[in-house]
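File shown: query-v5.cif (mmCIF, C-alpha atoms and all ligand atoms).
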data_start
#
loop_
_atom_site.label_atom_id
_atom_site.label_comp_id
_atom_site.auth_asym_id
_atom_site.auth_seq_id
_atom_site.Cartn_x
_atom_site.Cartn_y
_atom_site.Cartn_z
CA MET A 1 0.00 0.00 0.00
CA THR A 2 1.35 3.41 -0.88
CA PHE A 3 1.29 6.15 1.67
CA HIS A 4 0.10 9.53 0.56
CA ILE A 5 0.51 12.87 2.31
CA TYR A 6 -1.88 15.45 1.01
CA PRO A 7 -0.79 19.06 0.60
CA THR A 8 -1.79 21.48 3.36
CA LEU A 9 -5.51 22.11 3.17
CA GLU A 10 -6.26 25.63 2.04
CA ILE A 11 -9.79 26.92 2.29
CA PRO A 12 -10.63 30.17 0.48
CA GLU A 13 -12.35 33.23 1.85
CA THR A 14 -16.00 33.24 0.73
CA LEU A 15 -19.00 35.46 1.32
CA ALA A 16 -21.10 33.57 3.88
CA ALA A 17 -24.58 34.72 2.87
CA GLY A 18 -26.66 31.77 3.98
CA PRO A 19 -28.68 30.80 7.06
CA GLY A 20 -25.42 30.22 8.95
CA PRO A 21 -22.61 30.07 9.72
CA GLY A 22 -22.45 33.83 9.67
CA ASN A 23 -19.61 35.96 8.57
CA THR A 24 -17.33 35.34 11.58
CA ASP A 25 -16.26 38.65 13.03
CA ALA A 26 -12.58 39.52 12.46
CA ARG A 27 -12.21 40.31 16.15
CA VAL A 28 -13.43 36.81 17.05
CA LEU A 29 -10.90 35.25 14.68
CA GLN A 30 -8.20 37.38 16.19
CA ALA A 31 -9.10 36.32 19.71
CA PHE A 32 -8.92 32.70 18.55
CA THR A 33 -5.52 33.00 16.87
CA ASN A 34 -3.98 35.23 19.56
CA THR A 35 -4.61 32.64 22.23
CA GLY A 36 -1.51 30.98 23.61
CA VAL A 37 -1.08 27.29 24.24
CA ALA A 38 -2.67 26.80 27.65
CA ASP A 39 -4.40 23.86 29.24
CA HIS A 40 -8.00 23.90 30.33
CA MET A 41 -7.15 24.39 34.01
CA GLN A 42 -4.98 27.47 33.37
CA GLY A 43 -6.33 30.40 35.39
CA ASP A 44 -7.30 32.70 32.51
CA VAL A 45 -9.14 29.92 30.69
CA LEU A 46 -11.18 29.18 33.83
CA ARG A 47 -11.78 32.88 34.46
CA GLY A 48 -12.83 33.32 30.80
CA MET A 49 -15.44 30.58 31.13
CA VAL A 50 -16.91 32.16 34.25
CA GLU A 51 -16.99 35.58 32.53
CA CYS A 52 -18.71 34.02 29.50
CA LYS A 53 -21.38 32.58 31.78
CA HIS A 54 -22.12 36.01 33.26
CA MET A 55 -22.15 37.73 29.84
CA LEU A 56 -24.46 35.06 28.46
CA ARG A 57 -26.95 35.60 31.29
CA GLU A 58 -26.88 39.32 30.51
CA ILE A 59 -27.36 38.88 26.75
CA TRP A 60 -30.14 36.35 27.20
CA GLY A 61 -31.86 38.36 29.94
CA THR A 62 -32.04 35.64 32.53
CA SER A 63 -31.38 34.87 36.15
CA ASN A 64 -31.35 31.11 35.36
CA THR A 65 -28.28 29.84 37.20
CA TYR A 66 -27.99 26.99 34.70
CA THR A 67 -26.98 29.27 31.81
CA PHE A 68 -23.74 28.22 30.14
CA ALA A 69 -22.54 26.78 26.83
CA VAL A 70 -21.88 23.32 25.46
CA ALA A 71 -18.82 22.49 23.37
CA GLY A 72 -19.91 21.92 19.79
CA THR A 73 -22.59 23.24 17.46
CA GLY A 74 -26.28 24.01 17.81
CA TRP A 75 -27.18 20.31 17.78
CA SER A 76 -24.89 19.78 20.78
CA ALA A 77 -26.87 22.37 22.74
CA LEU A 78 -30.16 20.88 21.52
CA ASP A 79 -29.10 17.36 22.47
CA THR A 80 -28.19 18.67 25.93
CA MET A 81 -31.57 20.39 26.25
CA PHE A 82 -33.42 17.24 25.15
CA SER A 83 -31.43 15.02 27.51
CA ALA A 84 -33.99 15.44 30.30
CA VAL A 85 -36.68 13.89 28.08
CA MET A 86 -36.92 10.26 29.14
CA PRO A 87 -38.38 7.12 27.52
CA GLY A 88 -42.16 7.17 27.78
CA ASP A 89 -42.40 10.92 28.45
CA LYS A 90 -45.34 12.74 26.93
CA VAL A 91 -44.26 15.43 24.46
CA VAL A 92 -45.97 17.76 21.98
CA ALA A 93 -43.58 19.03 19.29
CA PHE A 94 -44.21 21.48 16.44
CA ASN A 95 -42.54 20.92 13.08
CA ASN A 96 -42.54 23.67 10.47
CA GLY A 97 -39.31 23.05 8.59
CA THR A 98 -35.95 21.30 8.26
CA PHE A 99 -34.64 22.09 11.72
CA SER A 100 -37.72 21.53 13.83
CA ASP A 101 -38.14 18.30 11.86
CA ILE A 102 -34.74 17.07 13.11
CA ASP A 103 -35.63 18.34 16.60
CA THR A 104 -38.79 16.23 16.56
CA LEU A 105 -36.71 13.22 15.47
CA THR A 106 -34.39 13.86 18.44
CA LEU A 107 -37.39 14.03 20.75
CA ARG A 108 -38.75 10.73 19.39
CA ILE A 109 -35.30 9.16 19.94
CA LYS A 110 -35.22 10.43 23.55
CA ALA A 111 -38.81 9.52 24.40
CA ALA A 112 -38.90 6.11 22.68
CA THR A 113 -39.08 3.04 24.89
CA PRO A 114 -36.53 0.23 24.26
CA GLU A 115 -39.22 -1.65 22.31
CA GLU A 116 -39.99 1.38 20.16
CA HIS A 117 -36.27 1.81 19.45
CA ALA A 118 -35.84 -1.80 18.47
CA ALA A 119 -38.79 -1.61 16.10
CA ASN A 120 -37.33 1.32 14.16
CA PRO A 121 -33.83 2.18 15.43
CA LEU A 122 -33.12 5.24 13.26
CA ASP A 123 -36.60 6.70 13.23
CA PRO A 124 -38.44 5.47 16.31
CA LEU A 125 -42.13 6.15 16.57
CA ALA A 126 -42.47 7.07 20.21
CA ALA A 127 -46.10 6.76 21.27
CA GLY A 128 -45.61 9.52 23.84
CA VAL A 129 -44.59 12.12 21.25
CA THR A 130 -47.24 13.99 19.28
CA VAL A 131 -45.76 15.85 16.32
CA ILE A 132 -47.86 18.69 14.93
CA ASP A 133 -46.82 19.33 11.31
CA VAL A 134 -47.25 22.89 10.11
CA LEU A 135 -46.94 23.57 6.39
CA HIS A 136 -43.59 24.78 5.03
CA GLY A 137 -43.65 28.56 4.86
CA GLN A 138 -46.11 28.96 7.72
CA SER A 139 -45.51 29.91 11.33
CA VAL A 140 -46.55 28.09 14.50
CA THR A 141 -49.24 30.24 16.13
CA GLY A 142 -50.25 30.58 19.76
CA GLU A 143 -53.67 29.13 18.89
CA MET A 144 -52.10 25.96 17.49
CA VAL A 145 -50.02 25.52 20.65
CA GLU A 146 -52.98 26.23 22.92
CA ALA A 147 -55.17 23.66 21.15
CA ALA A 148 -52.51 20.92 21.16
CA LEU A 149 -51.48 21.40 24.79
CA ALA A 150 -55.11 21.53 25.95
CA GLU A 151 -55.77 18.25 24.18
CA HIS A 152 -52.62 16.30 25.08
CA LYS A 153 -51.47 17.79 28.43
CA PRO A 154 -47.82 16.81 27.85
CA LYS A 155 -44.90 17.03 30.26
CA TRP A 156 -42.80 18.75 27.55
CA ALA A 157 -43.68 21.04 24.63
CA PHE A 158 -41.24 21.92 21.87
CA MET A 159 -41.01 24.59 19.18
CA ALA A 160 -38.29 26.34 17.18
CA HIS A 161 -38.23 30.07 17.88
CA TRP A 162 -37.09 30.88 14.32
CA GLU A 163 -37.35 27.97 11.85
CA THR A 164 -34.36 28.56 9.60
CA GLY A 165 -35.45 25.97 7.04
CA SER A 166 -38.34 28.14 5.86
CA GLY A 167 -37.28 31.43 7.48
CA ARG A 168 -40.36 31.65 9.69
CA ILE A 169 -40.78 33.22 13.13
CA ASN A 170 -42.96 31.20 15.50
CA ASP A 171 -45.07 32.66 18.30
CA LEU A 172 -42.86 32.56 21.39
CA ARG A 173 -45.33 34.51 23.57
CA GLY A 174 -48.24 32.26 22.64
CA PHE A 175 -46.08 29.17 23.20
CA SER A 176 -44.87 30.27 26.63
CA ASP A 177 -48.35 31.32 27.77
CA ALA A 178 -49.87 28.01 26.64
CA CYS A 179 -47.12 26.08 28.46
CA GLU A 180 -47.89 28.00 31.65
CA ARG A 181 -51.65 27.45 31.30
CA HIS A 182 -51.29 23.70 30.78
CA GLY A 183 -48.36 22.96 33.10
CA ALA A 184 -46.02 21.85 30.30
CA MET A 185 -42.29 22.57 30.37
CA GLY A 186 -41.47 24.43 27.16
CA LEU A 187 -38.30 23.67 25.22
CA ILE A 188 -37.11 26.13 22.56
CA ASP A 189 -34.68 25.80 19.66
CA ALA A 190 -33.28 29.34 19.69
CA VAL A 191 -30.36 28.47 17.41
CA SER A 192 -31.03 31.21 14.88
CA SER A 193 -32.60 33.91 17.07
CA LEU A 194 -30.01 34.41 19.83
CA GLY A 195 -27.84 37.43 19.06
CA VAL A 196 -30.23 38.68 16.36
CA GLU A 197 -33.56 39.21 18.13
CA ASP A 198 -33.91 41.43 21.19
CA PHE A 199 -35.69 39.12 23.64
CA ARG A 200 -35.27 38.12 27.29
CA ILE A 201 -35.62 34.58 28.58
CA ASP A 202 -37.12 35.77 31.87
CA ASP A 203 -40.08 37.31 29.98
CA TYR A 204 -41.14 33.75 29.00
CA PRO A 205 -41.74 31.82 32.24
CA GLY A 206 -43.46 28.91 30.46
CA ILE A 207 -40.17 27.96 28.84
CA ALA A 208 -37.89 25.66 30.85
CA GLY A 209 -35.08 25.01 28.36
CA TRP A 210 -33.33 27.01 25.63
CA ALA A 211 -30.62 25.97 23.18
CA SER A 212 -28.64 28.02 20.67
CA CYS A 213 -25.39 27.95 18.68
CA PRO A 214 -22.13 29.88 18.38
CA GLN A 215 -21.99 30.72 14.68
CA LYS A 216 -25.24 32.43 13.75
CA GLY A 217 -26.37 35.53 15.63
CA LEU A 218 -23.35 35.52 17.94
CA CYS A 219 -20.91 35.63 14.97
CA CYS A 220 -18.53 33.23 16.71
CA LEU A 221 -16.83 30.23 15.11
CA PRO A 222 -18.72 26.99 14.61
CA LEU A 223 -17.58 24.25 17.00
CA THR A 224 -16.83 26.59 19.83
CA TYR A 225 -19.61 26.96 22.40
CA ALA A 226 -23.36 26.54 21.98
CA PRO A 227 -25.38 28.44 24.63
CA VAL A 228 -28.06 26.78 26.76
CA SER A 229 -30.22 27.97 29.65
CA PHE A 230 -32.45 26.00 32.00
CA SER A 231 -35.01 26.98 34.62
CA ASP A 232 -34.93 25.53 38.12
CA GLU A 233 -38.00 23.46 37.23
CA TYR A 234 -36.10 21.82 34.36
CA ILE A 235 -33.10 21.08 36.62
CA ASP A 236 -35.40 19.63 39.31
CA SER A 237 -36.97 17.34 36.72
CA LEU A 238 -33.53 16.27 35.50
CA LYS A 239 -32.40 15.65 39.09
CA SER A 240 -35.32 13.35 39.69
CA THR A 241 -35.02 11.34 36.45
CA GLY A 242 -31.33 11.50 35.48
CA ALA A 243 -30.37 11.43 31.81
CA TYR A 244 -28.81 8.86 29.51
CA SER A 245 -25.73 10.98 28.85
CA TYR A 246 -22.60 12.05 30.66
CA VAL A 247 -21.30 14.79 28.40
CA HIS A 248 -24.72 16.25 27.49
CA ASN A 249 -26.21 16.14 30.99
CA PRO A 250 -26.72 19.82 31.90
CA ILE A 251 -25.90 19.23 35.58
CA PHE A 252 -22.53 17.62 34.81
CA GLU A 253 -21.71 20.01 31.97
CA ALA A 254 -22.50 23.17 33.98
CA ARG A 255 -19.70 22.35 36.43
CA HIS A 256 -17.09 23.43 33.89
CA TRP A 257 -18.62 26.91 33.92
CA GLY A 258 -18.54 27.19 37.72
CA ILE A 259 -22.11 26.02 38.40
CA VAL A 260 -22.24 23.33 41.08
CA ASP A 261 -25.32 22.16 43.02
CA GLY A 262 -27.34 25.11 41.72
CA GLN A 263 -24.77 27.65 42.93
CA ASP A 264 -22.15 29.78 41.24
CA VAL A 265 -18.69 28.80 42.42
CA GLU A 266 -15.48 30.70 41.83
CA LYS A 267 -14.15 28.50 39.05
CA GLY A 268 -15.06 25.49 36.99
CA THR A 269 -14.16 21.96 37.90
CA TYR A 270 -12.55 19.47 35.52
CA HIS A 271 -13.97 16.52 33.78
CA ARG A 272 -13.69 17.51 30.16
CA THR A 273 -10.85 19.16 28.25
CA HIS A 274 -12.01 22.61 27.18
CA SER A 275 -10.25 24.70 24.54
CA GLY A 276 -8.63 27.99 25.47
CA TYR A 277 -8.94 29.00 21.80
CA ALA A 278 -12.66 28.36 21.74
CA VAL A 279 -13.17 30.09 25.10
CA ALA A 280 -11.31 33.20 23.89
CA ALA A 281 -13.31 33.35 20.65
CA PHE A 282 -16.63 32.85 22.42
CA HIS A 283 -15.72 35.44 25.06
CA GLU A 284 -14.98 38.00 22.32
CA SER A 285 -18.24 37.30 20.48
CA LEU A 286 -20.20 37.89 23.71
CA ARG A 287 -18.27 41.10 24.38
CA LEU A 288 -19.11 42.31 20.86
CA THR A 289 -22.80 41.50 21.32
CA LEU A 290 -22.96 43.33 24.65
CA THR A 291 -21.02 46.30 23.32
CA GLU A 292 -23.33 46.78 20.36
CA GLY A 293 -26.46 45.92 22.34
CA LEU A 294 -29.25 43.64 21.13
CA ALA A 295 -31.75 46.47 20.67
CA LYS A 296 -29.47 48.22 18.19
CA ARG A 297 -28.42 45.03 16.47
CA SER A 298 -31.94 43.70 15.97
CA GLY A 299 -33.05 47.08 14.60
CA SER A 300 -30.15 47.00 12.18
CA TYR A 301 -31.11 43.50 10.96
CA ARG A 302 -34.63 44.73 10.25
CA THR A 303 -33.39 47.77 8.32
CA HIS A 304 -31.01 45.80 6.11
CA GLU A 305 -33.37 42.87 5.59
CA LYS A 306 -35.95 45.32 4.26
CA VAL A 307 -33.49 46.68 1.68
CA LEU A 308 -32.59 43.17 0.53
CA ARG A 309 -36.25 42.11 0.51
CA ASP A 310 -37.32 45.11 -1.56
CA ALA A 311 -34.42 44.62 -3.99
CA VAL A 312 -35.18 40.94 -4.71
CA THR A 313 -38.90 41.74 -4.91
CA ALA A 314 -38.08 44.40 -7.51
CA MET A 315 -36.26 41.62 -9.43
CA GLY A 316 -39.51 39.63 -9.51
CA CYS A 317 -38.81 37.22 -6.63
CA GLU A 318 -41.44 36.35 -4.04
CA VAL A 319 -40.24 36.40 -0.42
CA THR A 320 -42.03 33.93 1.87
CA SER A 321 -39.96 34.35 5.06
CA ASP A 322 -40.32 36.79 7.95
CA MET A 323 -36.97 36.36 9.74
CA PRO A 324 -34.86 39.55 9.82
CA SER A 325 -31.59 37.68 9.28
CA LEU A 326 -32.66 35.44 6.40
CA LEU A 327 -34.69 35.74 3.18
CA VAL A 328 -36.38 32.66 1.75
CA LEU A 329 -37.71 33.30 -1.73
CA ASN A 330 -39.19 31.90 -4.91
CA LEU A 331 -37.54 32.90 -8.17
CA PRO A 332 -39.67 34.75 -10.76
CA PRO A 333 -41.95 32.44 -12.79
CA GLU A 334 -39.60 32.37 -15.81
CA LEU A 335 -36.80 30.94 -13.63
CA ALA A 336 -38.93 28.62 -11.50
CA GLY A 337 -37.40 25.17 -11.18
CA ARG A 338 -33.84 26.48 -11.62
CA GLU A 339 -33.22 27.35 -7.95
CA MET A 340 -30.52 24.70 -7.44
CA GLU A 341 -28.70 25.75 -10.61
CA LEU A 342 -28.68 29.37 -9.47
CA VAL A 343 -27.47 28.50 -5.97
CA LEU A 344 -24.69 26.26 -7.32
CA ASN A 345 -23.54 28.96 -9.77
CA CYS A 346 -23.30 31.42 -6.90
CA ARG A 347 -21.50 29.00 -4.61
CA ALA A 348 -18.96 28.16 -7.35
CA ARG A 349 -17.98 31.83 -7.22
CA GLY A 350 -17.63 31.98 -3.44
CA PHE A 351 -21.02 33.64 -2.96
CA GLY A 352 -22.37 31.24 -0.35
CA ILE A 353 -26.17 31.33 -0.60
CA TRP A 354 -28.31 28.24 0.04
CA PRO A 355 -31.32 26.30 -1.21
CA THR A 356 -33.96 25.07 1.21
CA LEU A 357 -33.04 21.59 2.47
CA SER A 358 -36.55 20.17 2.35
CA ALA A 359 -39.31 20.61 -0.24
CA PRO A 360 -40.29 22.94 -1.83
CA VAL A 361 -36.95 24.09 -3.30
CA GLN A 362 -36.47 27.79 -2.57
CA VAL A 363 -33.47 30.10 -2.36
CA ARG A 364 -32.15 31.30 1.01
CA ILE A 365 -30.01 34.42 1.40
CA GLY A 366 -28.73 35.36 4.85
CA ILE A 367 -27.22 38.56 6.19
CA LEU A 368 -25.62 37.39 9.44
CA ASN A 369 -23.02 39.99 10.46
CA GLN A 370 -23.40 41.77 7.08
CA LEU A 371 -25.04 44.85 8.53
CA ASN A 372 -23.69 47.62 6.34
CA ARG A 373 -24.38 49.22 3.00
CA GLN A 374 -21.38 47.73 1.26
CA ALA A 375 -22.10 44.13 2.25
CA ILE A 376 -25.82 44.29 1.46
CA SER A 377 -25.17 46.03 -1.88
CA GLN A 378 -22.64 43.36 -2.80
CA ILE A 379 -25.10 40.57 -1.98
CA ILE A 380 -27.80 42.25 -4.06
CA ARG A 381 -25.50 42.80 -7.06
CA LEU A 382 -24.13 39.26 -6.99
CA PHE A 383 -27.64 37.84 -6.80
CA ALA A 384 -28.82 40.10 -9.65
CA GLU A 385 -25.91 38.95 -11.83
CA ALA A 386 -26.69 35.30 -11.08
CA MET A 387 -30.31 35.84 -12.13
CA ARG A 388 -29.30 37.57 -15.34
CA GLU A 389 -26.85 34.79 -16.11
CA LEU A 390 -29.73 32.31 -16.05
CA GLY A 391 -31.62 34.48 -18.53
CA GLY A 392 -33.73 36.44 -16.05
CA THR A 393 -34.53 40.06 -16.73
CA VAL A 394 -32.92 42.37 -14.20
CA ASP A 395 -33.06 46.16 -14.26
CA PHE A 396 -29.66 47.01 -12.78
CA GLU A 397 -30.30 50.75 -12.90
CA ALA A 398 -33.46 50.38 -10.87
CA ILE A 399 -31.56 48.32 -8.30
CA GLU A 400 -28.79 50.90 -7.96
CA ALA A 401 -31.47 53.58 -7.61
CA LEU A 402 -33.14 51.58 -4.84
CA LEU A 403 -29.82 51.18 -3.00
CA GLU A 404 -29.09 54.87 -3.34
CA SER A 405 -32.53 55.88 -2.09
CA ARG A 406 -32.26 53.58 0.96
CA TYR A 407 -28.66 54.11 1.86
CA GLY A 408 -27.98 57.53 0.37
CA THR A 409 -28.47 59.50 3.53
CA SER A 410 -29.58 58.26 6.91
CA ILE A 411 -28.39 54.65 7.14
CA ALA A 412 -25.20 54.92 5.16
CA ALA A 413 -23.16 53.16 7.85
C1 LIG B 1 -28.62 25.99 12.31
C2 LIG B 1 -29.73 25.44 13.09
C3 LIG B 1 -29.59 24.24 13.80
C4 LIG B 1 -28.35 23.39 13.75
O1 LIG B 1 -27.25 24.08 14.29
P1 LIG B 1 -25.74 23.54 14.06
O2 LIG B 1 -24.91 24.63 14.66
O3 LIG B 1 -25.56 23.40 12.59
O4 LIG B 1 -25.59 22.26 14.78
C5 LIG B 1 -30.67 23.81 14.55
N1 LIG B 1 -31.80 24.51 14.62
C6 LIG B 1 -31.97 25.68 13.95
C7 LIG B 1 -33.27 26.43 14.07
C8 LIG B 1 -30.94 26.17 13.17
O5 LIG B 1 -31.09 27.33 12.51
#
As structure tokens, how would this structure be written, given the file I've shared?
Amino acid sequence: MTFHIYPTLEIPETLAAGPGPGNTDARVLQAFTNTGVADHMQGDVLRGMVECKHMLREIWGTSNTYTFAVAGTGWSALDTMFSAVMPGDKVVAFNNGTFSDIDTLTLRIKAATPEEHAANPLDPLAAGVTVIDVLHGQSVTGEMVEAALAEHKPKWAFMAHWETGSGRINDLRGFSDACERHGAMGLIDAVSSLGVEDFRIDDYPGIAGWASCPQKGLCCLPLTYAPVSFSDEYIDSLKSTGAYSYVHNPIFEARHWGIVDGQDVEKGTYHRTHSGYAVAAFHESLRLTLTEGLAKRSGSYRTHEKVLRDAVTAMGCEVTSDMPSLLVLNLPPELAGREMELVLNCRARGFGIWPTLSAPVQVRIGILNQLNRQAISQIIRLFAEAMRELGGTVDFEAIEALLESRYGTSIAA
């Protein structure tokens, strides 16, 4: 057998204009690369983790002691959040797109009995889990949650806050209120809303568990730290049932962030090797979020999303999303059916837009950490060129006029 050493892997700079990862902030990358070689028990690494915990509570508006972050991606945080769901538990879960669909699979895996697992190991049908399917492109409403919880009276209820598959915002207030009314513990996939939307966990007392990710609204690197937060009620439930996980058990995992027996302690305790690089990057992304402030940032997302939305609408596209960080759209009728071709053409040029990952095929364009005139104008021009290349009719002058009228004076930043 011959032995082959590949050349050093080089990955080019691209324009990340999809649902995530976002355009990692240069200051986050710098914090990552400036970090020295230090083990996970070195004093500044431990101090950094404790500081991250406090900043995260501030950003997320919560006094939940069990607020920290899980090494990995959004799914790591979600798996941690779902770890308290035990075989046989009664769950109502809402599915309105790619991500909540995978969340409902995770819930069926957690709530399946051994017999249900054996019958269908990769896709168990857990009798305790009721999945409410909502059509692609539609939001979960408070009325839907109210009706389902009144009927099923589950221990747990689940919903995505923002369903990134279809770009839809679901009704967090209605969900939390219904959970409170019916004594269910709410679980929320907040992977794409944290760091973009201005909301506070403590305003939603019906919700017991929250999970997010590093690389979307927080503009940190993927595979650093995925935020989670749990109410005391959630932790009490977990204490009484246990969980079938060591590394994704919130009680064990919180110890690294200086949370032991429900109390903040001075520094974390070891049983997992954390990365000083990841801690430094995460710490910087939280500092940036606090410095800018969520109110300002979420307003800025809305302003720039509107410019992008109006520009693609002027090109004949139909926008079906309502998330301020992501557009999901149908191409004009003459280009219908060529969404994948358009997306692949763009990606081949380093313009990283996305298709939807479940039917129907639509185009997704994200603006994570692209909140300025230059970045939005570039996205609009690149998209316009890609449409023209496929034979679409695009009035470039009208688009430049739209950009000038929106950005010419007040929001030129
Ligand atoms: C991106 C996303 C996920 C998955 O997050 P990863 O960081 O890729 O693991 C889950 N849920 C939602 C709503 C998302 O947007």
Skipping near chain neighbours, those fewer than 4 positions away, what residues fall within 9 Å of stretch 102-107 of chain A using only C-alpha atoms, listed as an mmCIF file with C-alpha atoms, in the coordinates of the input?
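The result, written out as selection-v8.cif:
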data_model
loop_
_atom_site.group_PDB
_atom_site.id
_atom_site.type_symbol
_atom_site.label_atom_id
_atom_site.label_comp_id
_atom_site.auth_asym_id
_atom_site.auth_seq_id
_atom_site.Cartn_x
_atom_site.Cartn_y
_atom_site.Cartn_z
ATOM 1 C CA TRP A 75 -27.180 20.310 17.780
ATOM 2 C CA LEU A 78 -30.160 20.880 21.520
ATOM 3 C CA ASP A 79 -29.100 17.360 22.470
ATOM 4 C CA PHE A 82 -33.420 17.240 25.150
ATOM 5 C CA VAL A 85 -36.680 13.890 28.080
ATOM 6 C CA VAL A 91 -44.260 15.430 24.460
ATOM 7 C CA ALA A 93 -43.580 19.030 19.290
ATOM 8 C CA PHE A 94 -44.210 21.480 16.440
ATOM 9 C CA ASN A 95 -42.540 20.920 13.080
ATOM 10 C CA GLY A 97 -39.310 23.050 8.590
ATOM 11 C CA THR A 98 -35.950 21.300 8.260
ATOM 12 C CA ALA A 111 -38.810 9.520 24.400
ATOM 13 C CA ALA A 112 -38.900 6.110 22.680
ATOM 14 C CA ASP A 123 -36.600 6.700 13.230
ATOM 15 C CA PRO A 124 -38.440 5.470 16.310
ATOM 16 C CA LEU A 125 -42.130 6.150 16.570
ATOM 17 C CA ALA A 126 -42.470 7.070 20.210
ATOM 18 C CA VAL A 129 -44.590 12.120 21.250
ATOM 19 C CA VAL A 131 -45.760 15.850 16.320
ATOM 20 C CA PHE A 158 -41.240 21.920 21.870
ATOM 21 C CA MET A 159 -41.010 24.590 19.180
ATOM 22 C CA ALA A 160 -38.290 26.340 17.180
ATOM 23 C CA ASP A 189 -34.680 25.800 19.660
#
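Minimum atom-to-atom distances from A:Arg255, A:Arg381, A:Arg168, A:Arg406 to ligand LIG 1 (chain B) were compared using only C-alpha atoms and all ligand atoms, and the lowest value belongs to A:Arg168.
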Using all atoms listed in the file, which residue out of A:Arg47, A:Arg364, A:Arg27, A:Arg338 lies closest to A:Val319?
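Closest candidate: A:Arg364.
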Would you please work out which residue, of A:Ala386, A:Ala178, A:Ala71, A:Met86, is nearest to ligand LIG 1 (chain B) when using only C-alpha atoms and all ligand atoms?
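Under the stated criterion, the closest residue is A:Ala71.
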Throw together the list of residues within 10 Å of ligand LIG 1 (chain B), counting all atoms listed in the file, and drop it here as a ChimeraX atom specification.
/A:19-21,72-79,97-103,159-168,188-193,211-217,221-226
From the list A:Ala157, A:Val279, A:Leu368, A:Ile132, the nearest residue to A:Gln42 using all atoms listed in the file is A:Val279
Within 9 Å of stretch 194-207 of chain A, counting only C-alpha atoms, which residues show up once you throw out same-chain ones fewer than 6 positions away? Write them as number ranges by chain, please.
A: 59-64, 157, 172-173, 175-181, 183-188, 213, 216-219, 227, 229-231, 286, 289, 293-299, 301, 324-325, 368
If we count only C-alpha atoms and set the cut-off at 9 Å, which residues sit around A:Leu342, ignoring sequence neighbours fewer than 3 positions away in its own chain? Please answer as a list in words.
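Here the qualifying residues turn out to be Arg338, Glu339, Asn345, Cys346, Arg347, Val363, Phe383, Ala386, Met387, Glu389 and Leu390 of chain A.
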Minimum-distance residue to A:Glu151, chosen among A:Glu115, A:Val228, A:Val92, A:Asn120 (using only C-alpha atoms)
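So, comparing all the options, the nearest one is A:Val92.
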Exercise on stretch 255-267 of chain A, axis-aligned box with 6 Å per side, report centre and edge lengths in Å to one decimal, as JSON:
{"center_x": -20.7, "center_y": 26.4, "center_z": 38.5, "size_x": 25.2, "size_y": 20.5, "size_z": 21.1}
The residue from A:Phe32, A:Tyr6, A:Tyr270, A:Tyr66 with the smallest atom-to-atom distance to A:Asn249, counting all atoms listed in the file, is A:Tyr66
Atom CA of A:His54 to atom CA of A:Phe68: how many Å, to one decimal?
8.5 Å
Interatomic distance, atom CA of A:Met340 to atom CA of A:Ile376 (Å, one decimal):
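Answer for the atom CA of A:Met340 to atom CA of A:Ile376 separation: 22.0 Å.
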How would stretch 175-182 of chain A of the given structure read as a file with N, CA, C and O atoms, as a compact mmCIF listing (two decimals), in the first residue's frame?
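Writing the result to out-v8.txt gives the following:
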# COMPACT_ATOMS: atom_id res chain seq x y z
N PHE A 175 -46.61 30.47 22.76
CA PHE A 175 -46.08 29.17 23.20
C PHE A 175 -45.86 29.17 24.71
O PHE A 175 -46.31 28.26 25.42
N SER A 176 -45.17 30.20 25.20
CA SER A 176 -44.87 30.27 26.63
C SER A 176 -46.15 30.34 27.46
O SER A 176 -46.29 29.63 28.47
N ASP A 177 -47.09 31.18 27.02
CA ASP A 177 -48.35 31.32 27.77
C ASP A 177 -49.11 29.99 27.82
O ASP A 177 -49.65 29.61 28.86
N ALA A 178 -49.15 29.29 26.67
CA ALA A 178 -49.87 28.01 26.64
C ALA A 178 -49.18 26.99 27.55
O ALA A 178 -49.84 26.21 28.24
N CYS A 179 -47.85 27.00 27.57
CA CYS A 179 -47.12 26.08 28.46
C CYS A 179 -47.49 26.37 29.91
O CYS A 179 -47.74 25.44 30.69
N GLU A 180 -47.54 27.63 30.27
CA GLU A 180 -47.89 28.00 31.65
C GLU A 180 -49.30 27.53 31.98
O GLU A 180 -49.56 26.98 33.05
N ARG A 181 -50.24 27.81 31.06
CA ARG A 181 -51.65 27.45 31.30
C ARG A 181 -51.83 25.95 31.51
O ARG A 181 -52.65 25.51 32.30
N HIS A 182 -51.05 25.15 30.76
CA HIS A 182 -51.29 23.70 30.78
C HIS A 182 -50.22 22.92 31.54
O HIS A 182 -50.18 21.69 31.45
